[in-house]
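Shown below: work-v7.pdb, with PDB, C-alpha atoms.
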```
ATOM      1  CA  MET A   1      21.835 -44.724  64.444  1.00  0.00           C
ATOM      2  CA  CYS A   2      25.334 -45.519  63.163  1.00  0.00           C
ATOM      3  CA  ALA A   3      27.860 -46.447  65.825  1.00  0.00           C
ATOM      4  CA  ASP A   4      30.844 -46.118  63.503  1.00  0.00           C
ATOM      5  CA  PRO A   5      32.000 -42.465  63.023  1.00  0.00           C
ATOM      6  CA  ALA A   6      33.150 -43.065  59.437  1.00  0.00           C
ATOM      7  CA  THR A   7      29.783 -44.513  58.486  1.00  0.00           C
ATOM      8  CA  ALA A   8      27.975 -41.633  60.169  1.00  0.00           C
ATOM      9  CA  ALA A   9      30.175 -39.136  58.322  1.00  0.00           C
ATOM     10  CA  THR A  10      29.466 -40.880  55.014  1.00  0.00           C
ATOM     11  CA  LEU A  11      25.734 -40.721  55.728  1.00  0.00           C
ATOM     12  CA  ALA A  12      25.995 -37.006  56.545  1.00  0.00           C
ATOM     13  CA  VAL A  13      27.929 -36.304  53.365  1.00  0.00           C
ATOM     14  CA  SER A  14      25.418 -38.243  51.231  1.00  0.00           C
ATOM     15  CA  THR A  15      22.506 -36.417  52.859  1.00  0.00           C
ATOM     16  CA  ALA A  16      24.133 -33.015  52.348  1.00  0.00           C
ATOM     17  CA  SER A  17      24.938 -33.903  48.735  1.00  0.00           C
ATOM     18  CA  SER A  18      21.322 -34.915  48.074  1.00  0.00           C
ATOM     19  CA  VAL A  19      20.002 -31.722  49.648  1.00  0.00           C
ATOM     20  CA  ALA A  20      22.498 -29.580  47.708  1.00  0.00           C
ATOM     21  CA  SER A  21      21.642 -31.335  44.429  1.00  0.00           C
ATOM     22  CA  TYR A  22      17.932 -30.778  45.049  1.00  0.00           C
ATOM     23  CA  ALA A  23      18.527 -27.097  45.856  1.00  0.00           C
ATOM     24  CA  THR A  24      20.625 -26.693  42.683  1.00  0.00           C
ATOM     25  CA  GLN A  25      17.939 -28.268  40.511  1.00  0.00           C
ATOM     26  CA  THR A  26      15.254 -26.111  42.128  1.00  0.00           C
ATOM     27  CA  SER A  27      17.292 -22.943  41.602  1.00  0.00           C
ATOM     28  CA  ALA A  28      17.971 -23.833  37.943  1.00  0.00           C
ATOM     29  CA  THR A  29      14.261 -24.458  37.321  1.00  0.00           C
ATOM     30  CA  LYS A  30      13.306 -21.147  38.914  1.00  0.00           C
ATOM     31  CA  SER A  31      15.931 -19.343  36.825  1.00  0.00           C
ATOM     32  CA  LYS A  32      14.584 -20.876  33.596  1.00  0.00           C
ATOM     33  CA  ASN A  33      11.024 -19.946  34.545  1.00  0.00           C
ATOM     34  CA  ARG A  34      12.046 -16.372  35.341  1.00  0.00           C
ATOM     35  CA  SER A  35      13.776 -16.081  31.944  1.00  0.00           C
ATOM     36  CA  ARG A  36      10.691 -17.384  30.166  1.00  0.00           C
ATOM     37  CA  ILE A  37       8.422 -15.002  32.076  1.00  0.00           C
ATOM     38  CA  ARG A  38      10.645 -12.021  31.248  1.00  0.00           C
ATOM     39  CA  ALA A  39      10.676 -12.995  27.570  1.00  0.00           C
ATOM     40  CA  TYR A  40       6.880 -13.344  27.630  1.00  0.00           C
ATOM     41  CA  GLU A  41       6.453  -9.938  29.269  1.00  0.00           C
ATOM     42  CA  ALA A  42       8.687  -8.323  26.636  1.00  0.00           C
ATOM     43  CA  GLU A  43       6.785 -10.046  23.823  1.00  0.00           C
ATOM     44  CA  LYS A  44       3.454  -8.983  25.296  1.00  0.00           C
ATOM     45  CA  GLN A  45       4.640  -5.377  25.609  1.00  0.00           C
ATOM     46  CA  ASN A  46       5.761  -5.419  21.965  1.00  0.00           C
ATOM     47  CA  TYR A  47       2.332  -6.749  21.033  1.00  0.00           C
ATOM     48  CA  LEU A  48       0.596  -3.916  22.889  1.00  0.00           C
ATOM     49  CA  ASN A  49       2.944  -1.330  21.384  1.00  0.00           C
ATOM     50  CA  ASP A  50       2.196  -2.638  17.892  1.00  0.00           C
ATOM     51  CA  ILE A  51      -1.556  -2.349  18.516  1.00  0.00           C
ATOM     52  CA  MET A  52      -1.130   1.216  19.787  1.00  0.00           C
ATOM     53  CA  LEU A  53       0.958   2.252  16.762  1.00  0.00           C
ATOM     54  CA  ARG A  54      -1.500   0.704  14.302  1.00  0.00           C
ATOM     55  CA  ASN A  55      -4.451   2.403  15.997  1.00  0.00           C
ATOM     56  CA  ASN A  56      -2.664   5.764  15.953  1.00  0.00           C
ATOM     57  CA  GLN A  57      -1.844   5.345  12.269  1.00  0.00           C
ATOM     58  CA  TYR A  58      -5.480   4.460  11.545  1.00  0.00           C
ATOM     59  CA  ASN A  59      -6.726   7.510  13.450  1.00  0.00           C
ATOM     60  CA  ASN A  60      -4.376   9.713  11.445  1.00  0.00           C
ATOM     61  CA  GLU A  61      -5.666   8.183   8.221  1.00  0.00           C
ATOM     62  CA  VAL A  62      -9.258   8.858   9.320  1.00  0.00           C
ATOM     63  CA  ILE A  63      -8.422  12.515   9.980  1.00  0.00           C
ATOM     64  CA  GLU A  64      -6.729  12.819   6.596  1.00  0.00           C
ATOM     65  CA  GLN A  65      -9.735  11.174   4.937  1.00  0.00           C
ATOM     66  CA  GLU A  66     -12.120  13.643   6.569  1.00  0.00           C
ATOM     67  CA  LEU A  67      -9.987  16.560   5.362  1.00  0.00           C
ATOM     68  CA  ALA A  68      -9.904  15.072   1.854  1.00  0.00           C
ATOM     69  CA  LEU A  69     -13.700  14.726   1.887  1.00  0.00           C
ATOM     70  CA  ASP A  70     -14.052  18.377   2.884  1.00  0.00           C
ATOM     71  CA  GLU A  71     -11.848  19.396  -0.034  1.00  0.00           C
ATOM     72  CA  LEU A  72     -13.873  17.232  -2.417  1.00  0.00           C
ATOM     73  CA  ASN A  73     -17.122  18.783  -1.215  1.00  0.00           C
ATOM     74  CA  LYS A  74     -15.713  22.294  -1.602  1.00  0.00           C
ATOM     75  CA  ALA A  75     -14.522  21.505  -5.133  1.00  0.00           C
ATOM     76  CA  GLN A  76     -17.927  20.084  -6.036  1.00  0.00           C
ATOM     77  CA  MET A  77     -19.768  23.126  -4.720  1.00  0.00           C
ATOM     78  CA  ALA A  78     -17.402  25.457  -6.594  1.00  0.00           C
ATOM     79  CA  GLN A  79     -17.989  23.585  -9.856  1.00  0.00           C
ATOM     80  CA  TRP A  80     -21.745  23.626  -9.298  1.00  0.00           C
ATOM     81  CA  ALA A  81     -21.617  27.364  -8.599  1.00  0.00           C
ATOM     82  CA  ASN A  82     -19.746  27.843 -11.871  1.00  0.00           C
ATOM     83  CA  GLN A  83     -22.433  25.902 -13.748  1.00  0.00           C
ATOM     84  CA  ASP A  84     -25.160  27.981 -12.075  1.00  0.00           C
ATOM     85  CA  ARG A  85     -23.386  31.189 -13.107  1.00  0.00           C
ATOM     86  CA  GLN A  86     -23.311  29.967 -16.692  1.00  0.00           C
ATOM     87  CA  TYR A  87     -27.042  29.275 -16.549  1.00  0.00           C
ATOM     88  CA  LEU A  88     -27.739  32.689 -15.078  1.00  0.00           C
ATOM     89  CA  LYS A  89     -25.637  34.201 -17.872  1.00  0.00           C
ATOM     90  CA  LEU A  90     -27.829  32.427 -20.425  1.00  0.00           C
ATOM     91  CA  LEU A  91     -30.991  33.771 -18.784  1.00  0.00           C
ATOM     92  CA  GLU A  92     -29.499  37.235 -18.739  1.00  0.00           C
ATOM     93  CA  ASP A  93     -28.520  37.005 -22.399  1.00  0.00           C
ATOM     94  CA  HIS A  94     -32.014  35.756 -23.266  1.00  0.00           C
ATOM     95  CA  ALA A  95     -33.585  38.676 -21.417  1.00  0.00           C
ATOM     96  CA  PHE A  96     -31.414  41.198 -23.252  1.00  0.00           C
ATOM     97  CA  ASN A  97     -32.083  39.466 -26.570  1.00  0.00           C
ATOM     98  CA  THR A  98     -35.818  39.735 -25.906  1.00  0.00           C
ATOM     99  CA  GLN A  99     -35.491  43.397 -25.035  1.00  0.00           C
ATOM    100  CA  ASP A 100     -33.425  44.158 -28.145  1.00  0.00           C
ATOM    101  CA  ALA A 101     -35.835  42.243 -30.355  1.00  0.00           C
ATOM    102  CA  LEU A 102     -38.880  44.110 -29.028  1.00  0.00           C
ATOM    103  CA  VAL A 103     -37.173  47.473 -29.393  1.00  0.00           C
ATOM    104  CA  ASP A 104     -36.141  46.653 -32.940  1.00  0.00           C
ATOM    105  CA  ARG A 105     -39.632  45.468 -33.748  1.00  0.00           C
ATOM    106  CA  TYR A 106     -41.341  48.603 -32.532  1.00  0.00           C
ATOM    107  CA  ARG A 107     -38.791  50.739 -34.370  1.00  0.00           C
ATOM    108  CA  LYS A 108     -39.371  48.928 -37.647  1.00  0.00           C
ATOM    109  CA  GLU A 109     -43.143  48.770 -37.239  1.00  0.00           C
ATOM    110  CA  TYR A 110     -43.345  52.527 -37.444  1.00  0.00           C
ATOM    111  CA  ALA A 111     -44.308  53.056 -41.115  1.00  0.00           C
ATOM    112  CA  GLY A 112     -44.625  56.783 -40.978  1.00  0.00           C
ATOM    113  CA  PRO A 113     -47.020  58.156 -43.479  1.00  0.00           C
ATOM    114  CA  GLN A 114     -47.053  54.875 -45.406  1.00  0.00           C
ATOM    115  CA  THR A 115     -50.369  53.147 -45.622  1.00  0.00           C
ATOM    116  CA  GLY A 116     -51.810  50.236 -47.433  1.00  0.00           C
ATOM    117  CA  VAL A 117     -50.454  46.816 -48.273  1.00  0.00           C
ATOM    118  CA  THR A 118     -46.763  47.689 -48.220  1.00  0.00           C
ATOM    119  CA  ALA A 119     -46.943  49.096 -44.741  1.00  0.00           C
ATOM    120  CA  SER A 120     -48.821  46.037 -43.470  1.00  0.00           C
ATOM    121  CA  ARG A 121     -46.287  43.701 -45.082  1.00  0.00           C
ATOM    122  CA  LEU A 122     -43.341  45.487 -43.563  1.00  0.00           C
ATOM    123  CA  ALA A 123     -44.961  45.383 -40.129  1.00  0.00           C
ATOM    124  CA  GLY A 124     -45.633  41.634 -40.464  1.00  0.00           C
ATOM    125  CA  GLU A 125     -42.074  40.923 -41.533  1.00  0.00           C
ATOM    126  CA  THR A 126     -40.774  42.619 -38.402  1.00  0.00           C
ATOM    127  CA  ALA A 127     -43.051  40.666 -36.089  1.00  0.00           C
ATOM    128  CA  ARG A 128     -42.064  37.385 -37.742  1.00  0.00           C
ATOM    129  CA  ALA A 129     -38.342  38.133 -37.443  1.00  0.00           C
ATOM    130  CA  VAL A 130     -38.725  39.018 -33.774  1.00  0.00           C
ATOM    131  CA  GLY A 131     -40.604  35.762 -33.137  1.00  0.00           C
ATOM    132  CA  LEU A 132     -37.913  33.705 -34.826  1.00  0.00           C
ATOM    133  CA  GLY A 133     -35.173  35.407 -32.832  1.00  0.00           C
ATOM    134  CA  LEU A 134     -36.966  34.857 -29.522  1.00  0.00           C
ATOM    135  CA  SER A 135     -37.610  31.203 -30.375  1.00  0.00           C
ATOM    136  CA  LYS A 136     -33.918  30.698 -31.108  1.00  0.00           C
ATOM    137  CA  SER A 137     -32.930  32.377 -27.849  1.00  0.00           C
ATOM    138  CA  ILE A 138     -35.395  30.260 -25.840  1.00  0.00           C
ATOM    139  CA  ALA A 139     -34.171  27.049 -27.535  1.00  0.00           C
ATOM    140  CA  ASN A 140     -30.599  27.999 -26.707  1.00  0.00           C
ATOM    141  CA  VAL A 141     -31.552  28.566 -23.048  1.00  0.00           C
ATOM    142  CA  MET A 142     -33.366  25.216 -22.789  1.00  0.00           C
ATOM    143  CA  PHE A 143     -30.533  23.294 -24.451  1.00  0.00           C
ATOM    144  CA  ASN A 144     -27.865  24.833 -22.273  1.00  0.00           C
ATOM    145  CA  LYS A 145     -30.046  24.306 -19.205  1.00  0.00           C
ATOM    146  CA  GLU A 146     -30.053  20.556 -19.871  1.00  0.00           C
ATOM    147  CA  THR A 147     -26.328  20.635 -20.593  1.00  0.00           C
ATOM    148  CA  ILE A 148     -25.646  22.389 -17.291  1.00  0.00           C
ATOM    149  CA  ALA A 149     -27.812  19.891 -15.407  1.00  0.00           C
ATOM    150  CA  LEU A 150     -25.901  17.037 -17.065  1.00  0.00           C
ATOM    151  CA  ASN A 151     -22.559  18.656 -16.180  1.00  0.00           C
ATOM    152  CA  LYS A 152     -23.632  19.007 -12.550  1.00  0.00           C
ATOM    153  CA  GLU A 153     -24.608  15.330 -12.445  1.00  0.00           C
ATOM    154  CA  ILE A 154     -21.225  14.345 -13.923  1.00  0.00           C
ATOM    155  CA  ILE A 155     -19.471  16.482 -11.313  1.00  0.00           C
ATOM    156  CA  TYR A 156     -21.516  14.832  -8.559  1.00  0.00           C
ATOM    157  CA  GLN A 157     -20.802  11.289  -9.787  1.00  0.00           C
ATOM    158  CA  ASP A 158     -17.083  11.997 -10.097  1.00  0.00           C
ATOM    159  CA  THR A 159     -16.922  13.519  -6.614  1.00  0.00           C
ATOM    160  CA  ASP A 160     -18.972  10.665  -5.161  1.00  0.00           C
ATOM    161  CA  ALA A 161     -16.582   8.114  -6.671  1.00  0.00           C
ATOM    162  CA  LYS A 162     -13.635   9.919  -5.089  1.00  0.00           C
ATOM    163  CA  ARG A 163     -15.471  10.030  -1.751  1.00  0.00           C
ATOM    164  CA  ARG A 164     -16.084   6.284  -1.952  1.00  0.00           C
ATOM    165  CA  LEU A 165     -12.422   5.590  -2.674  1.00  0.00           C
ATOM    166  CA  ALA A 166     -11.388   7.742   0.291  1.00  0.00           C
ATOM    167  CA  TYR A 167     -13.886   5.928   2.505  1.00  0.00           C
ATOM    168  CA  GLU A 168     -12.699   2.476   1.431  1.00  0.00           C
ATOM    169  CA  LYS A 169      -9.190   3.328   2.627  1.00  0.00           C
ATOM    170  CA  VAL A 170     -10.391   3.708   6.227  1.00  0.00           C
ATOM    171  CA  ARG A 171     -13.479   1.525   6.091  1.00  0.00           C
ATOM    172  CA  TYR A 172     -12.069  -1.180   8.331  1.00  0.00           C
ATOM    173  CA  ALA A 173     -10.189  -0.450  11.509  1.00  0.00           C
ATOM    174  CA  PRO A 174      -7.093  -2.582  12.133  1.00  0.00           C
ATOM    175  CA  LEU A 175      -7.822  -5.767  14.030  1.00  0.00           C
ATOM    176  CA  PRO A 176      -5.255  -6.922  16.584  1.00  0.00           C
ATOM    177  CA  GLY A 177      -3.830 -10.367  16.064  1.00  0.00           C
ATOM    178  CA  ALA A 178      -3.734 -13.126  18.611  1.00  0.00           C
ATOM    179  CA  PRO A 179      -1.777 -12.186  21.734  1.00  0.00           C
ATOM    180  CA  PRO A 180       1.392 -14.129  22.471  1.00  0.00           C
ATOM    181  CA  PRO A 181       0.672 -17.337  24.397  1.00  0.00           C
ATOM    182  CA  PRO A 182       1.891 -17.530  27.984  1.00  0.00           C
ATOM    183  CA  PRO A 183       5.064 -19.522  28.478  1.00  0.00           C
ATOM    184  CA  GLU A 184       5.070 -23.111  29.623  1.00  0.00           C
ATOM    185  CA  LEU A 185       6.838 -23.129  32.967  1.00  0.00           C
ATOM    186  CA  GLU A 186       8.811 -26.086  34.240  1.00  0.00           C
ATOM    187  CA  ALA A 187       7.628 -27.748  37.414  1.00  0.00           C
ATOM    188  CA  PRO A 188      10.143 -27.745  40.248  1.00  0.00           C
ATOM    189  CA  PRO A 189      11.860 -31.072  40.883  1.00  0.00           C
ATOM    190  CA  GLY A 190       9.985 -33.304  43.285  1.00  0.00           C
ATOM    191  CA  ILE A 191      11.289 -33.753  46.772  1.00  0.00           C
ATOM    192  CA  GLY A 192      10.679 -37.492  46.558  1.00  0.00           C
ATOM    193  CA  GLY A 193      13.958 -38.094  44.725  1.00  0.00           C
ATOM    194  CA  MET A 194      15.929 -36.330  47.420  1.00  0.00           C
ATOM    195  CA  LEU A 195      14.167 -38.261  50.183  1.00  0.00           C
ATOM    196  CA  LEU A 196      14.741 -41.520  48.314  1.00  0.00           C
ATOM    197  CA  ASN A 197      18.455 -40.757  47.984  1.00  0.00           C
ATOM    198  CA  ILE A 198      18.663 -39.929  51.708  1.00  0.00           C
ATOM    199  CA  ALA A 199      16.782 -43.119  52.583  1.00  0.00           C
ATOM    200  CA  MET A 200      19.067 -45.210  50.368  1.00  0.00           C
ATOM    201  CA  ALA A 201      22.114 -43.545  51.892  1.00  0.00           C
ATOM    202  CA  GLY A 202      20.770 -44.316  55.386  1.00  0.00           C
ATOM    203  CA  ALA A 203      20.058 -47.927  54.472  1.00  0.00           C
ATOM    204  CA  GLN A 204      23.523 -48.283  52.970  1.00  0.00           C
ATOM    205  CA  ALA A 205      25.081 -46.746  56.071  1.00  0.00           C
ATOM    206  CA  LYS A 206      23.169 -49.153  58.312  1.00  0.00           C
ATOM    207  CA  LEU A 207      24.216 -52.077  56.179  1.00  0.00           C
ATOM    208  CA  ASN A 208      27.836 -50.942  56.255  1.00  0.00           C
ATOM    209  CA  ASP A 209      27.631 -50.596  60.062  1.00  0.00           C
ATOM    210  CA  LYS A 210      26.329 -54.150  60.388  1.00  0.00           C
ATOM    211  CA  LEU A 211      29.041 -55.491  58.108  1.00  0.00           C
ATOM    212  CA  LEU A 212      31.663 -53.648  60.129  1.00  0.00           C
ATOM    213  CA  ASN A 213      30.338 -55.110  63.387  1.00  0.00           C
ATOM    214  CA  LYS A 214      30.371 -58.547  61.840  1.00  0.00           C
ATOM    215  CA  GLN A 215      33.961 -58.170  60.809  1.00  0.00           C
ATOM    216  CA  LYS A 216      34.922 -57.056  64.335  1.00  0.00           C
ATOM    217  CA  PHE A 217      32.986 -59.560  66.401  1.00  0.00           C
ATOM    218  CA  GLY A 218      32.060 -62.323  63.992  1.00  0.00           C
ATOM    219  CA  THR A 219      28.288 -61.905  64.550  1.00  0.00           C
ATOM    220  CA  THR A 220      25.664 -59.338  63.933  1.00  0.00           C
ATOM    221  CA  ASN A 221      23.217 -60.677  66.562  1.00  0.00           C
ATOM    222  CA  PRO A 222      23.824 -59.259  70.061  1.00  0.00           C
ATOM    223  CA  LYS A 223      21.826 -62.166  71.623  1.00  0.00           C
ATOM    224  CA  GLN A 224      24.439 -64.623  70.370  1.00  0.00           C
ATOM    225  CA  ASN A 225      27.254 -62.567  71.899  1.00  0.00           C
ATOM    226  CA  PRO A 226      26.596 -61.790  75.579  1.00  0.00           C
ATOM    227  CA  ASN A 227      29.889 -59.917  75.835  1.00  0.00           C
ATOM    228  CA  PRO A 228      30.158 -57.914  72.576  1.00  0.00           C
ATOM    229  CA  ASN A 229      32.772 -55.537  73.871  1.00  0.00           C
ATOM    230  CA  PRO A 230      35.387 -57.548  75.842  1.00  0.00           C
ATOM    231  CA  ARG A 231      38.118 -55.671  77.534  1.00  0.00           C
ATOM    232  CA  PRO A 232      41.541 -55.823  75.965  1.00  0.00           C
ATOM    233  CA  GLY A 233      43.627 -58.690  77.406  1.00  0.00           C
ATOM    234  CA  SER A 234      40.580 -60.580  78.767  1.00  0.00           C
ATOM    235  CA  THR A 235      39.598 -64.020  77.597  1.00  0.00           C
ATOM    236  CA  TYR A 236      36.075 -64.450  76.306  1.00  0.00           C
ATOM    237  CA  ARG A 237      34.479 -67.861  76.668  1.00  0.00           C
ATOM    238  CA  HIS A 238      31.225 -68.913  75.140  1.00  0.00           C
ATOM    239  CA  PRO A 239      28.566 -70.055  77.642  1.00  0.00           C
ATOM    240  CA  GLY A 240      28.553 -73.550  76.146  1.00  0.00           C
ATOM    241  CA  TYR A 241      32.283 -73.893  76.411  1.00  0.00           C
ATOM    242  CA  VAL A 242      33.500 -76.945  78.420  1.00  0.00           C
ATOM    243  CA  GLY A 243      36.847 -76.306  80.028  1.00  0.00           C
ATOM    244  CA  GLU A 244      39.812 -78.588  79.788  1.00  0.00           C
TER     245      GLU A 244
END
```
Would you write the structure of this file as structure tokens?
Amino acid sequence: MCADPATAATLAVSTASSVASYATQTSATKSKNRSRIRAYEAEKQNYLNDIMLRNNQYNNEVIEQELALDELNKAQMAQWANQDRQYLKLLEDHAFNTQDALVDRYRKEYAGPQTGVTASRLAGETARAVGLGLSKSIANVMFNKETIALNKEIIYQDTDAKRRLAYEKVRYAPLPGAPPPPPELEAPPGIGGMLLNIAMAGAQAKLNDKLLNKQKFGTTNPKQNPNPNPRPGSTYRHPGYVGE
């Protein structure tokens, strides 16, 4: 313990300064860490918002793709129905052609009172003409049937290609990127530095107290000075002093 008030005051000031410096450093470190944490939280929230927006956009694209596929399917079915109507029209025309040919044949086969070779020839000519007309009508039906089947296949392939393109646009869902890394926080200053400064200040204060005592009494060892605090006006004599 320091006997000199000035030395004790210096020790108190040094201790308070060390404690205040440690508290200031600790507060500054905490403030930096709080700023980094707030910045990280904002960055993480932006990351989550970006994922949400991308997922919503992808879901909208999927809905639009499904609607586009429905329209493609409707268009394909309408085109197929048109091809089927054309085929039915060919069958109907063939049926009426057959009917007209048979009616014309029976009308021309009637020879009336004619008999003999001429009548037989005229009847044969009619049958041959009817056969040729029916053959032509059947060939036309078969050819157009194949054409209609080919057209329906072309329509299907074209629609399927469009469906594939629409599917490729939404084939892969968006993948989120790597989340922002957590911040590196600073460790608070160690208390050892403050304690070392206080210890050094205490040692310096003790040393200063000893030096002050030495300057006052000429010794720093109380055993060598049996009367360290003589009264003012008194005469101090060393025990080994031999009087005059």
- What's the 6 Å shell around region 88-102 of chain A, counting only C-alpha atoms, without same-chain residues fewer than 5 positions away, as a PyMOL selection string? chain A and resi 130+137+141
Go through region 3-69 of chain A and flag each residue having an atom no more than 8 Å from region 166-190 of chain A; for those, report the closest pair of atoms plus their distance in Å to one decimal, using all atoms listed in the file, ordered by chain and rising number, as a Markdown table.
```
| residue | atom | partner | partner_atom | distance |
| --- | --- | --- | --- | --- |
| A:Tyr22 | CA | A:Pro189 | CA | 7.4 |
| A:Gln25 | CA | A:Pro189 | CA | 6.7 |
| A:Thr26 | CA | A:Pro188 | CA | 5.7 |
| A:Thr29 | CA | A:Pro188 | CA | 6.0 |
| A:Lys30 | CA | A:Pro188 | CA | 7.4 |
| A:Lys32 | CA | A:Glu186 | CA | 7.8 |
| A:Asn33 | CA | A:Leu185 | CA | 5.5 |
| A:Arg36 | CA | A:Pro183 | CA | 6.3 |
| A:Ile37 | CA | A:Pro183 | CA | 6.7 |
| A:Tyr40 | CA | A:Pro183 | CA | 6.5 |
| A:Glu43 | CA | A:Pro180 | CA | 6.9 |
| A:Lys44 | CA | A:Pro180 | CA | 6.2 |
| A:Tyr47 | CA | A:Pro179 | CA | 6.9 |
| A:Ile51 | CA | A:Pro176 | CA | 6.2 |
| A:Arg54 | CA | A:Pro174 | CA | 6.8 |
| A:Asn55 | CA | A:Pro174 | CA | 6.8 |
| A:Tyr58 | CA | A:Ala173 | CA | 6.8 |
| A:Glu61 | CA | A:Val170 | CA | 6.8 |
| A:Val62 | CA | A:Val170 | CA | 6.1 |
| A:Gln65 | CA | A:Ala166 | CA | 6.0 |
| A:Ala68 | CA | A:Ala166 | CA | 7.6 |
| A:Leu69 | CA | A:Ala166 | CA | 7.5 |
```
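CA of Ile154 (chain A) is positioned 12.8 Å from CA of Met77 (chain A).
Between CA of Gln76 (chain A) and CA of Phe143 (chain A) the separation is 22.5 Å.
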- Considering all atoms listed in the file, return as a list in words whatever protein or nucleic-acid residues lie within 12 Å of Ala81 (chain A), sequence-local ones (same chain, fewer than 4 positions apart) excluded.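 These residues fall inside the cut-off: Lys74, Ala75, Gln76, Met77, Arg85, Gln86, Tyr87, Leu88, Ile148, Ala149, Asn151, Lys152 and Ile155 of chain A.
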- Task: Grab the CA of Leu67 (chain A) to CA of Asn49 (chain A) distance for me, in Å with one decimal place.
- Result: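 So the two atoms, CA of Leu67 (chain A) and CA of Asn49 (chain A), lie 27.3 Å apart.
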